Amino acid sequence: MKLHSVLGDTPIATFLKKYWQKKPLLIRQAIPDVRPPLSPEDLFSLAAQDHVESRLLTNVNDRWSLQHGPFHALPSRRKQGWTLLVQGLNLHHDQAADLLHQFRFIPDARLDDLMISYATDGGGVGAHFDSYDVFLLQVHGQRRWRISAQTDLGLKPGLPLKILAHFTPDEEYLLEPGDMLYLPPHYAHEGTAVGECMTCSIGFRAPSWEELGQAFLEFKAATLELPGRYSDPGLSPSRHPAKIDDHLLDRVEHQLKKIRATRDDVAVFIGEYLSEPKPGIFFDAPEEPLTLAKFRGSAIRAGLRLHRKTKMLYRGTYVFINGDSFRASAADRGLLRQLADQRRLPGGMLATASKDLLESLLQWYEDGWVVEGSS
Ligand code: SIN
Ligand code: CO
């Protein structure tokens, strides 16, 4: 059976080989009956909340303005040329999370979030480039995309947002609901709403090496074991008391060179790092705590699934969930991997779960990381 993919007629393997990180691809009717994950009104209410990352952009006679939410008032829907961007919609809405999960042919380690933009006629964020791959899925109304393979990525100075100084589009597409445009990193583009429209951006993460290096050093610092202390029983009289001598340097160098990035360190670090929720993401605990026996009974009846905010990854014997890591026993590994890959466990599978595993699942349930129901 051929599963429907958001890439339409392009097989996933072909997409990855020919387009991913390389060149744009327009997919007409990628999701033919697409519905916006939420209405403009619901989006505006979301943008009024403190924990939601939102931005408002307006462009009047080439004068750009950028404001950060929360927004308790927005321009009228009848007013032309404004855009509201809401980041991380998948964290706030199950339907948006389901939409993002249609892109899991790319590993979770690379998938970032689903952003949605609402724009009135003529609205857009200007000609720019992004540092990450993006799928731009039209979910309501029409948007005209102009794109360019230009290598001149110089920006206009003095603006509150990044706008290309010179934009010379070489292709133009009008996207209808269900159409999708893939762009690799650093590909110049400009989207303009044709009438009121909504566009979802499926974004990816590609941390810079420097960012990863810094985070790794913090991880190493927290787990560092370097026993002993500096000593110099063979010290000779100092003729230049301010000088740092070779002996001191040799000894310190010898100790510091013991600090290594073993493969195991790197695996634990990267699993914890990539599964860490973004700052400001909090989980709600269930109202009623359950005993282990009650939890087991209802999990077997209803199944379990990961909360949409939960990030779960695994590698080898390790399992990572929301920034925590632990070693899973050989007996529990299969179920945990299934939970991570499918993001749900049918109740029937839980009947054979070990007590250890049930205790972990109960803890995650109490933390709000796992919820009941497997559909
Ligand atoms: C938008 O949806 O208006 C902007 C998305 C983008 O250009 O990356
Ligand atoms: Co962009």
# chains A, B, ... in the order shown; residues from 1 in each chain; ligands from 1

call {"tool": "select_by_dssp", "arguments": {"residues": "segment 114-216 of chain A", "states": "alpha helix (DSSP H)", "output": "list in words"}}
result
Trp209, Glu210, Glu211, Leu212, Gly213, Gln214, Ala215 and Phe216 of chain A

call {"tool": "closest_atom_pairs", "arguments": {"of": "chain A", "to": "ligand 1", "cutoff": "10 Å", "atoms": "only C-alpha atoms and all ligand atoms", "output": "JSON lines"}}
result
{"residue": "A:Leu57", "atom": "CA", "partner": "ligand 1", "partner_atom_place_in_ligand_line": "3 (O)", "distance": 9.5}
{"residue": "A:Trp82", "atom": "CA", "partner": "ligand 1", "partner_atom_place_in_ligand_line": "3 (O)", "distance": 9.8}
{"residue": "A:Thr83", "atom": "CA", "partner": "ligand 1", "partner_atom_place_in_ligand_line": "3 (O)", "distance": 6.9}
{"residue": "A:Leu84", "atom": "CA", "partner": "ligand 1", "partner_atom_place_in_ligand_line": "3 (O)", "distance": 8.2}
{"residue": "A:Leu85", "atom": "CA", "partner": "ligand 1", "partner_atom_place_in_ligand_line": "2 (O)", "distance": 7.2}
{"residue": "A:Val86", "atom": "CA", "partner": "ligand 1", "partner_atom_place_in_ligand_line": "2 (O)", "distance": 9.6}
{"residue": "A:Met115", "atom": "CA", "partner": "ligand 1", "partner_atom_place_in_ligand_line": "2 (O)", "distance": 7.7}
{"residue": "A:Ile116", "atom": "CA", "partner": "ligand 1", "partner_atom_place_in_ligand_line": "2 (O)", "distance": 6.4}
{"residue": "A:Ser117", "atom": "CA", "partner": "ligand 1", "partner_atom_place_in_ligand_line": "2 (O)", "distance": 4.7}
{"residue": "A:Tyr118", "atom": "CA", "partner": "ligand 1", "partner_atom_place_in_ligand_line": "3 (O)", "distance": 7.4}
{"residue": "A:Ala119", "atom": "CA", "partner": "ligand 1", "partner_atom_place_in_ligand_line": "3 (O)", "distance": 7.2}
{"residue": "A:Gly123", "atom": "CA", "partner": "ligand 1", "partner_atom_place_in_ligand_line": "3 (O)", "distance": 7.7}
{"residue": "A:Gly124", "atom": "CA", "partner": "ligand 1", "partner_atom_place_in_ligand_line": "3 (O)", "distance": 5.0}
{"residue": "A:Val125", "atom": "CA", "partner": "ligand 1", "partner_atom_place_in_ligand_line": "3 (O)", "distance": 5.5}
{"residue": "A:Gly126", "atom": "CA", "partner": "ligand 1", "partner_atom_place_in_ligand_line": "7 (O)", "distance": 7.9}
{"residue": "A:Ala127", "atom": "CA", "partner": "ligand 1", "partner_atom_place_in_ligand_line": "7 (O)", "distance": 8.0}
{"residue": "A:His128", "atom": "CA", "partner": "ligand 1", "partner_atom_place_in_ligand_line": "7 (O)", "distance": 7.2}
{"residue": "A:Phe129", "atom": "CA", "partner": "ligand 1", "partner_atom_place_in_ligand_line": "7 (O)", "distance": 7.6}
{"residue": "A:Asp130", "atom": "CA", "partner": "ligand 1", "partner_atom_place_in_ligand_line": "8 (O)", "distance": 6.6}
{"residue": "A:Ser131", "atom": "CA", "partner": "ligand 1", "partner_atom_place_in_ligand_line": "8 (O)", "distance": 9.9}
{"residue": "A:Tyr132", "atom": "CA", "partner": "ligand 1", "partner_atom_place_in_ligand_line": "8 (O)", "distance": 9.3}
{"residue": "A:Asp133", "atom": "CA", "partner": "ligand 1", "partner_atom_place_in_ligand_line": "8 (O)", "distance": 9.3}
{"residue": "A:Val134", "atom": "CA", "partner": "ligand 1", "partner_atom_place_in_ligand_line": "8 (O)", "distance": 7.0}
{"residue": "A:Phe135", "atom": "CA", "partner": "ligand 1", "partner_atom_place_in_ligand_line": "8 (O)", "distance": 8.5}
{"residue": "A:Leu136", "atom": "CA", "partner": "ligand 1", "partner_atom_place_in_ligand_line": "5 (C)", "distance": 6.8}
{"residue": "A:Leu137", "atom": "CA", "partner": "ligand 1", "partner_atom_place_in_ligand_line": "2 (O)", "distance": 8.7}
{"residue": "A:Gln138", "atom": "CA", "partner": "ligand 1", "partner_atom_place_in_ligand_line": "2 (O)", "distance": 8.7}
{"residue": "A:Arg143", "atom": "CA", "partner": "ligand 1", "partner_atom_place_in_ligand_line": "3 (O)", "distance": 8.8}
{"residue": "A:Trp145", "atom": "CA", "partner": "ligand 1", "partner_atom_place_in_ligand_line": "7 (O)", "distance": 8.8}
{"residue": "A:Leu183", "atom": "CA", "partner": "ligand 1", "partner_atom_place_in_ligand_line": "8 (O)", "distance": 9.1}
{"residue": "A:Ala188", "atom": "CA", "partner": "ligand 1", "partner_atom_place_in_ligand_line": "7 (O)", "distance": 9.1}
{"residue": "A:His189", "atom": "CA", "partner": "ligand 1", "partner_atom_place_in_ligand_line": "7 (O)", "distance": 6.6}
{"residue": "A:Glu190", "atom": "CA", "partner": "ligand 1", "partner_atom_place_in_ligand_line": "7 (O)", "distance": 6.2}
{"residue": "A:Gly191", "atom": "CA", "partner": "ligand 1", "partner_atom_place_in_ligand_line": "3 (O)", "distance": 6.0}
{"residue": "A:Thr192", "atom": "CA", "partner": "ligand 1", "partner_atom_place_in_ligand_line": "3 (O)", "distance": 7.4}
{"residue": "A:Ala193", "atom": "CA", "partner": "ligand 1", "partner_atom_place_in_ligand_line": "3 (O)", "distance": 8.1}
{"residue": "A:Cys197", "atom": "CA", "partner": "ligand 1", "partner_atom_place_in_ligand_line": "3 (O)", "distance": 9.4}
{"residue": "A:Met198", "atom": "CA", "partner": "ligand 1", "partner_atom_place_in_ligand_line": "2 (O)", "distance": 7.4}
{"residue": "A:Thr199", "atom": "CA", "partner": "ligand 1", "partner_atom_place_in_ligand_line": "2 (O)", "distance": 5.1}
{"residue": "A:Cys200", "atom": "CA", "partner": "ligand 1", "partner_atom_place_in_ligand_line": "2 (O)", "distance": 6.3}
{"residue": "A:Ser201", "atom": "CA", "partner": "ligand 1", "partner_atom_place_in_ligand_line": "5 (C)", "distance": 6.0}
{"residue": "A:Ile202", "atom": "CA", "partner": "ligand 1", "partner_atom_place_in_ligand_line": "8 (O)", "distance": 9.1}
{"residue": "A:Gly203", "atom": "CA", "partner": "ligand 1", "partner_atom_place_in_ligand_line": "8 (O)", "distance": 8.6}

call {"tool": "residues_around", "arguments": {"residues": "Asp121 of chain A", "least_positions_apart": "6", "cutoff": "7 Å", "atoms": "only C-alpha atoms", "output": "PyMOL selection string"}}
result
chain A and resi 80-81+193-196

call {"tool": "closest_atom_pairs", "arguments": {"of": "segment 200-293 of chain A", "to": "segment 359-362 of chain A", "cutoff": "12 Å", "atoms": "only C-alpha atoms", "output": "Markdown table"}}
result
| residue | atom | partner | partner_atom | distance |
| --- | --- | --- | --- | --- |
| A:Ala285 | CA | A:Leu362 | CA | 11.4 |
| A:Pro286 | CA | A:Leu362 | CA | 11.0 |
| A:Pro289 | CA | A:Leu362 | CA | 9.2 |
| A:Leu290 | CA | A:Leu362 | CA | 8.1 |
| A:Thr291 | CA | A:Leu362 | CA | 8.5 |
| A:Leu292 | CA | A:Leu362 | CA | 6.9 |
| A:Ala293 | CA | A:Leu362 | CA | 10.0 |

call {"tool": "write_last_selection", "arguments": {"atoms": "N, CA, C and O atoms", "output": "JSON list (two decimals), in the first residue's frame"}}
result
[["chain", "number", "residue", "atom", "x", "y", "z"],
["A", 285, "ALA", "N", -0.10, 19.22, 35.18],
["A", 285, "ALA", "CA", -0.29, 17.92, 35.83],
["A", 285, "ALA", "C", -1.77, 17.57, 35.80],
["A", 285, "ALA", "O", -2.62, 18.46, 35.79],
["A", 286, "PRO", "N", -2.12, 16.27, 35.78],
["A", 286, "PRO", "CA", -3.55, 15.90, 35.81],
["A", 286, "PRO", "C", -4.15, 16.30, 37.15],
["A", 286, "PRO", "O", -3.43, 16.42, 38.15],
["A", 289, "PRO", "N", -4.20, 12.66, 41.06],
["A", 289, "PRO", "CA", -3.12, 11.68, 41.00],
["A", 289, "PRO", "C", -3.69, 10.26, 41.11],
["A", 289, "PRO", "O", -4.74, 10.06, 41.72],
["A", 290, "LEU", "N", -3.05, 9.30, 40.48],
["A", 290, "LEU", "CA", -3.56, 7.93, 40.49],
["A", 290, "LEU", "C", -2.57, 7.00, 41.20],
["A", 290, "LEU", "O", -1.37, 7.27, 41.19],
["A", 291, "THR", "N", -3.08, 5.93, 41.78],
["A", 291, "THR", "CA", -2.19, 4.90, 42.31],
["A", 291, "THR", "C", -1.67, 4.12, 41.10],
["A", 291, "THR", "O", -2.26, 4.19, 40.02],
["A", 292, "LEU", "N", -0.59, 3.37, 41.32],
["A", 292, "LEU", "CA", -0.01, 2.60, 40.21],
["A", 292, "LEU", "C", -1.05, 1.62, 39.63],
["A", 292, "LEU", "O", -1.18, 1.50, 38.41],
["A", 293, "ALA", "N", -1.80, 0.97, 40.52],
["A", 293, "ALA", "CA", -2.77, -0.04, 40.05],
["A", 293, "ALA", "C", -3.87, 0.61, 39.21],
["A", 293, "ALA", "O", -4.24, 0.12, 38.14]]

call {"tool": "residues_around", "arguments": {"residues": "Lys156 of chain A", "least_positions_apart": "5", "cutoff": "6 Å", "atoms": "only C-alpha atoms", "output": "VMD selection string"}}
result
chain A and resid 163 to 165

call {"tool": "write_last_selection", "arguments": {"atoms": "all heavy atoms", "output": "PDB file, in the first residue's frame"}}
result
ATOM      1  N   ILE A 163      15.434  42.376   5.712  1.00  0.00           N
ATOM      2  CA  ILE A 163      14.866  42.518   4.361  1.00  0.00           C
ATOM      3  C   ILE A 163      16.043  42.607   3.389  1.00  0.00           C
ATOM      4  O   ILE A 163      16.985  43.386   3.621  1.00  0.00           O
ATOM      5  CB  ILE A 163      14.023  43.811   4.237  1.00  0.00           C
ATOM      6  CG1 ILE A 163      12.912  43.862   5.302  1.00  0.00           C
ATOM      7  CG2 ILE A 163      13.468  43.977   2.827  1.00  0.00           C
ATOM      8  CD1 ILE A 163      11.684  43.075   4.989  1.00  0.00           C
ATOM      9  N   LEU A 164      15.974  41.824   2.314  1.00  0.00           N
ATOM     10  CA  LEU A 164      17.066  41.837   1.338  1.00  0.00           C
ATOM     11  C   LEU A 164      17.186  43.212   0.678  1.00  0.00           C
ATOM     12  O   LEU A 164      16.172  43.825   0.314  1.00  0.00           O
ATOM     13  CB  LEU A 164      16.805  40.782   0.262  1.00  0.00           C
ATOM     14  CG  LEU A 164      16.980  39.324   0.709  1.00  0.00           C
ATOM     15  CD1 LEU A 164      16.397  38.377  -0.341  1.00  0.00           C
ATOM     16  CD2 LEU A 164      18.456  39.006   0.938  1.00  0.00           C
ATOM     17  N   ALA A 165      18.431  43.664   0.531  1.00  0.00           N
ATOM     18  CA  ALA A 165      18.655  44.970  -0.090  1.00  0.00           C
ATOM     19  C   ALA A 165      18.294  44.912  -1.577  1.00  0.00           C
ATOM     20  O   ALA A 165      17.729  45.845  -2.131  1.00  0.00           O
ATOM     21  CB  ALA A 165      20.112  45.380   0.100  1.00  0.00           C
TER      22      ALA A 165
END

call {"tool": "select_by_dssp", "arguments": {"residues": "segment 236-333 of chain A", "states": "strand (DSSP E or B)", "output": "list in words"}}
result
Leu304, Arg305, Leu306, Met312, Leu313, Tyr314, Arg315, Tyr318, Val319, Phe320, Ile321, Asp324, Ser325, Phe326 and Arg327 of chain A

call {"tool": "write_last_selection", "arguments": {"atoms": "all heavy atoms", "output": "short mmCIF file (atom, residue, chain, number, x, y, z; two decimals), in the first residue's frame"}}
result
data_model
loop_
_atom_site.label_atom_id
_atom_site.label_comp_id
_atom_site.auth_asym_id
_atom_site.auth_seq_id
_atom_site.Cartn_x
_atom_site.Cartn_y
_atom_site.Cartn_z
N LEU A 304 -1.99 5.03 25.94
CA LEU A 304 -1.30 6.24 26.37
C LEU A 304 -0.72 6.93 25.16
O LEU A 304 -0.40 6.30 24.16
CB LEU A 304 -0.12 5.88 27.30
CG LEU A 304 -0.45 5.34 28.68
CD1 LEU A 304 0.84 4.94 29.40
CD2 LEU A 304 -1.20 6.40 29.52
N ARG A 305 -0.60 8.25 25.26
CA ARG A 305 0.11 8.95 24.19
C ARG A 305 0.94 10.08 24.78
O ARG A 305 0.68 10.54 25.90
CB ARG A 305 -0.83 9.44 23.10
CG ARG A 305 -1.85 10.40 23.55
CD ARG A 305 -2.92 10.61 22.48
NE ARG A 305 -4.06 11.24 23.10
CZ ARG A 305 -4.16 12.55 23.29
NH1 ARG A 305 -3.21 13.36 22.89
NH2 ARG A 305 -5.23 13.04 23.88
N LEU A 306 1.93 10.51 24.00
CA LEU A 306 2.77 11.62 24.46
C LEU A 306 1.97 12.91 24.32
O LEU A 306 1.26 13.10 23.33
CB LEU A 306 4.03 11.73 23.60
CG LEU A 306 4.99 10.53 23.65
CD1 LEU A 306 6.21 10.80 22.76
CD2 LEU A 306 5.44 10.26 25.08
N MET A 312 10.41 13.11 22.76
CA MET A 312 10.99 11.85 23.21
C MET A 312 11.86 11.27 22.10
O MET A 312 11.43 11.18 20.96
CB MET A 312 9.87 10.88 23.58
CG MET A 312 10.36 9.61 24.22
SD MET A 312 8.95 8.61 24.78
CE MET A 312 9.83 7.25 25.53
N LEU A 313 13.07 10.90 22.45
CA LEU A 313 14.04 10.37 21.48
C LEU A 313 14.70 9.15 22.09
O LEU A 313 14.58 8.93 23.31
CB LEU A 313 15.12 11.43 21.19
CG LEU A 313 14.65 12.79 20.66
CD1 LEU A 313 15.78 13.81 20.71
CD2 LEU A 313 14.14 12.66 19.23
N TYR A 314 15.40 8.39 21.31
CA TYR A 314 16.17 7.28 21.90
C TYR A 314 17.40 6.99 21.05
O TYR A 314 17.48 7.39 19.89
CB TYR A 314 15.30 6.02 22.05
CG TYR A 314 14.77 5.45 20.76
CD1 TYR A 314 15.53 4.59 19.97
CD2 TYR A 314 13.48 5.79 20.32
CE1 TYR A 314 15.02 4.07 18.79
CE2 TYR A 314 12.98 5.26 19.14
CZ TYR A 314 13.75 4.40 18.38
OH TYR A 314 13.26 3.89 17.21
N ARG A 315 18.34 6.35 21.69
CA ARG A 315 19.52 5.87 20.98
C ARG A 315 20.15 4.77 21.82
O ARG A 315 20.42 4.97 23.00
CB ARG A 315 20.53 7.00 20.79
CG ARG A 315 21.66 6.59 19.92
CD ARG A 315 22.86 7.49 19.92
NE ARG A 315 24.00 6.67 19.65
CZ ARG A 315 24.34 6.23 18.44
NH1 ARG A 315 23.66 6.59 17.39
NH2 ARG A 315 25.38 5.43 18.30
N TYR A 318 19.74 4.15 25.62
CA TYR A 318 19.23 5.40 26.23
C TYR A 318 17.87 5.82 25.70
O TYR A 318 17.59 5.68 24.51
CB TYR A 318 20.20 6.56 25.98
CG TYR A 318 21.47 6.44 26.75
CD1 TYR A 318 22.66 6.11 26.10
CD2 TYR A 318 21.50 6.66 28.12
CE1 TYR A 318 23.85 6.00 26.81
CE2 TYR A 318 22.68 6.55 28.83
CZ TYR A 318 23.84 6.22 28.17
OH TYR A 318 25.01 6.11 28.88
N VAL A 319 17.09 6.39 26.60
CA VAL A 319 15.83 7.02 26.23
C VAL A 319 15.88 8.45 26.78
O VAL A 319 16.36 8.67 27.90
CB VAL A 319 14.63 6.25 26.82
CG1 VAL A 319 13.33 7.00 26.58
CG2 VAL A 319 14.54 4.86 26.20
N PHE A 320 15.44 9.39 25.97
CA PHE A 320 15.46 10.81 26.36
C PHE A 320 14.05 11.35 26.30
O PHE A 320 13.35 11.14 25.32
CB PHE A 320 16.34 11.61 25.39
CG PHE A 320 17.69 11.00 25.19
CD1 PHE A 320 17.95 10.20 24.08
CD2 PHE A 320 18.70 11.19 26.12
CE1 PHE A 320 19.18 9.61 23.90
CE2 PHE A 320 19.95 10.61 25.95
CZ PHE A 320 20.19 9.81 24.83
N ILE A 321 13.65 12.04 27.35
CA ILE A 321 12.31 12.62 27.33
C ILE A 321 12.37 13.97 28.01
O ILE A 321 12.85 14.09 29.15
CB ILE A 321 11.24 11.65 27.92
CG1 ILE A 321 9.84 12.28 27.86
CG2 ILE A 321 11.58 11.16 29.31
CD1 ILE A 321 8.69 11.27 28.03
N ASP A 324 15.44 14.86 29.99
CA ASP A 324 15.97 13.86 30.93
C ASP A 324 16.48 12.66 30.13
O ASP A 324 15.94 12.35 29.07
CB ASP A 324 14.86 13.32 31.84
CG ASP A 324 14.56 14.27 32.98
OD1 ASP A 324 15.25 15.30 33.09
OD2 ASP A 324 13.61 13.98 33.74
N SER A 325 17.48 11.96 30.70
CA SER A 325 17.93 10.75 30.03
C SER A 325 17.95 9.61 31.02
O SER A 325 18.15 9.83 32.21
CB SER A 325 19.33 10.94 29.46
OG SER A 325 20.24 11.17 30.51
N PHE A 326 17.72 8.42 30.54
CA PHE A 326 17.91 7.25 31.39
C PHE A 326 18.16 6.03 30.53
O PHE A 326 17.91 6.04 29.32
CB PHE A 326 16.73 7.04 32.36
CG PHE A 326 15.44 6.69 31.69
CD1 PHE A 326 15.05 5.37 31.57
CD2 PHE A 326 14.63 7.69 31.17
CE1 PHE A 326 13.87 5.05 30.93
CE2 PHE A 326 13.45 7.37 30.53
CZ PHE A 326 13.07 6.04 30.42
N ARG A 327 18.70 5.00 31.18
CA ARG A 327 18.97 3.74 30.47
C ARG A 327 17.77 2.84 30.64
O ARG A 327 17.32 2.62 31.77
CB ARG A 327 20.18 3.07 31.10
CG ARG A 327 21.48 3.58 30.57
CD ARG A 327 22.57 2.55 30.84
NE ARG A 327 23.40 2.40 29.68
CZ ARG A 327 24.63 2.88 29.62
NH1 ARG A 327 25.15 3.50 30.65
NH2 ARG A 327 25.35 2.71 28.52
#

call {"tool": "closest_atom_pairs", "arguments": {"of": "segment 137-248 of chain A", "to": "segment 12-24 of chain A", "cutoff": "9 Å", "atoms": "only C-alpha atoms", "output": "tab-separated table"}}
result
residue	atom	partner	partner_atom	distance
A:Ile147	CA	A:Pro24	CA	8.9
A:Ala149	CA	A:Lys23	CA	8.8
A:Leu181	CA	A:Pro24	CA	7.1
A:Tyr182	CA	A:Pro24	CA	5.3
A:Leu183	CA	A:Pro24	CA	4.6
A:Pro184	CA	A:Gln21	CA	4.6
A:Pro185	CA	A:Gln21	CA	6.5
A:Tyr187	CA	A:Pro24	CA	8.2

call {"tool": "decode", "arguments": {"residues": "segment 171-226 of chain A", "atoms": "C-alpha atoms", "output": "compact mmCIF listing (two decimals), in the first residue's frame"}}
result
# COMPACT_ATOMS: atom_id res chain seq x y z
CA GLU A 171 10.18 32.30 -10.23
CA GLU A 172 6.69 33.22 -9.13
CA TYR A 173 3.90 30.93 -7.88
CA LEU A 174 0.39 31.58 -6.66
CA LEU A 175 -0.38 29.09 -3.89
CA GLU A 176 -3.93 27.90 -3.21
CA PRO A 177 -5.04 26.06 -0.06
CA GLY A 178 -3.30 22.68 0.03
CA ASP A 179 -0.32 23.80 -2.12
CA MET A 180 3.12 23.77 -0.56
CA LEU A 181 6.51 25.24 -1.39
CA TYR A 182 9.74 23.75 -0.02
CA LEU A 183 12.75 26.06 0.26
CA PRO A 184 16.27 25.08 1.29
CA PRO A 185 18.25 27.32 3.70
CA HIS A 186 19.40 30.73 2.38
CA TYR A 187 16.97 30.75 -0.56
CA ALA A 188 15.59 34.26 -1.12
CA HIS A 189 11.80 34.53 -1.00
CA GLU A 190 8.90 36.89 -0.57
CA GLY A 191 5.30 35.91 0.11
CA THR A 192 2.43 38.34 -0.40
CA ALA A 193 -1.14 37.66 0.65
CA VAL A 194 -3.66 37.88 -2.19
CA GLY A 195 -6.74 38.64 -0.15
CA GLU A 196 -6.84 37.39 3.45
CA CYS A 197 -4.74 34.25 3.88
CA MET A 198 -3.08 31.86 6.30
CA THR A 199 0.18 30.01 5.72
CA CYS A 200 1.83 27.35 7.89
CA SER A 201 5.63 27.16 7.99
CA ILE A 202 7.09 23.83 8.96
CA GLY A 203 10.51 24.73 10.32
CA PHE A 204 13.63 22.75 11.10
CA ARG A 205 16.42 23.09 13.59
CA ALA A 206 20.09 23.22 12.72
CA PRO A 207 22.06 24.44 15.72
CA SER A 208 25.34 26.18 14.97
CA TRP A 209 28.46 24.25 15.99
CA GLU A 210 29.27 27.04 18.43
CA GLU A 211 25.86 26.76 20.10
CA LEU A 212 26.27 22.99 20.36
CA GLY A 213 29.84 23.32 21.64
CA GLN A 214 28.80 25.74 24.37
CA ALA A 215 25.89 23.55 25.43
CA PHE A 216 28.19 20.51 25.48
CA LEU A 217 30.69 22.30 27.72
CA GLU A 218 27.88 23.17 30.14
CA PHE A 219 26.78 19.53 30.11
CA LYS A 220 30.36 18.39 30.71
CA ALA A 221 30.84 20.91 33.53
CA ALA A 222 27.76 19.57 35.32
CA THR A 223 28.99 15.97 35.22
CA LEU A 224 32.76 16.55 35.47
CA GLU A 225 34.83 14.28 37.69
CA LEU A 226 38.46 15.36 38.09
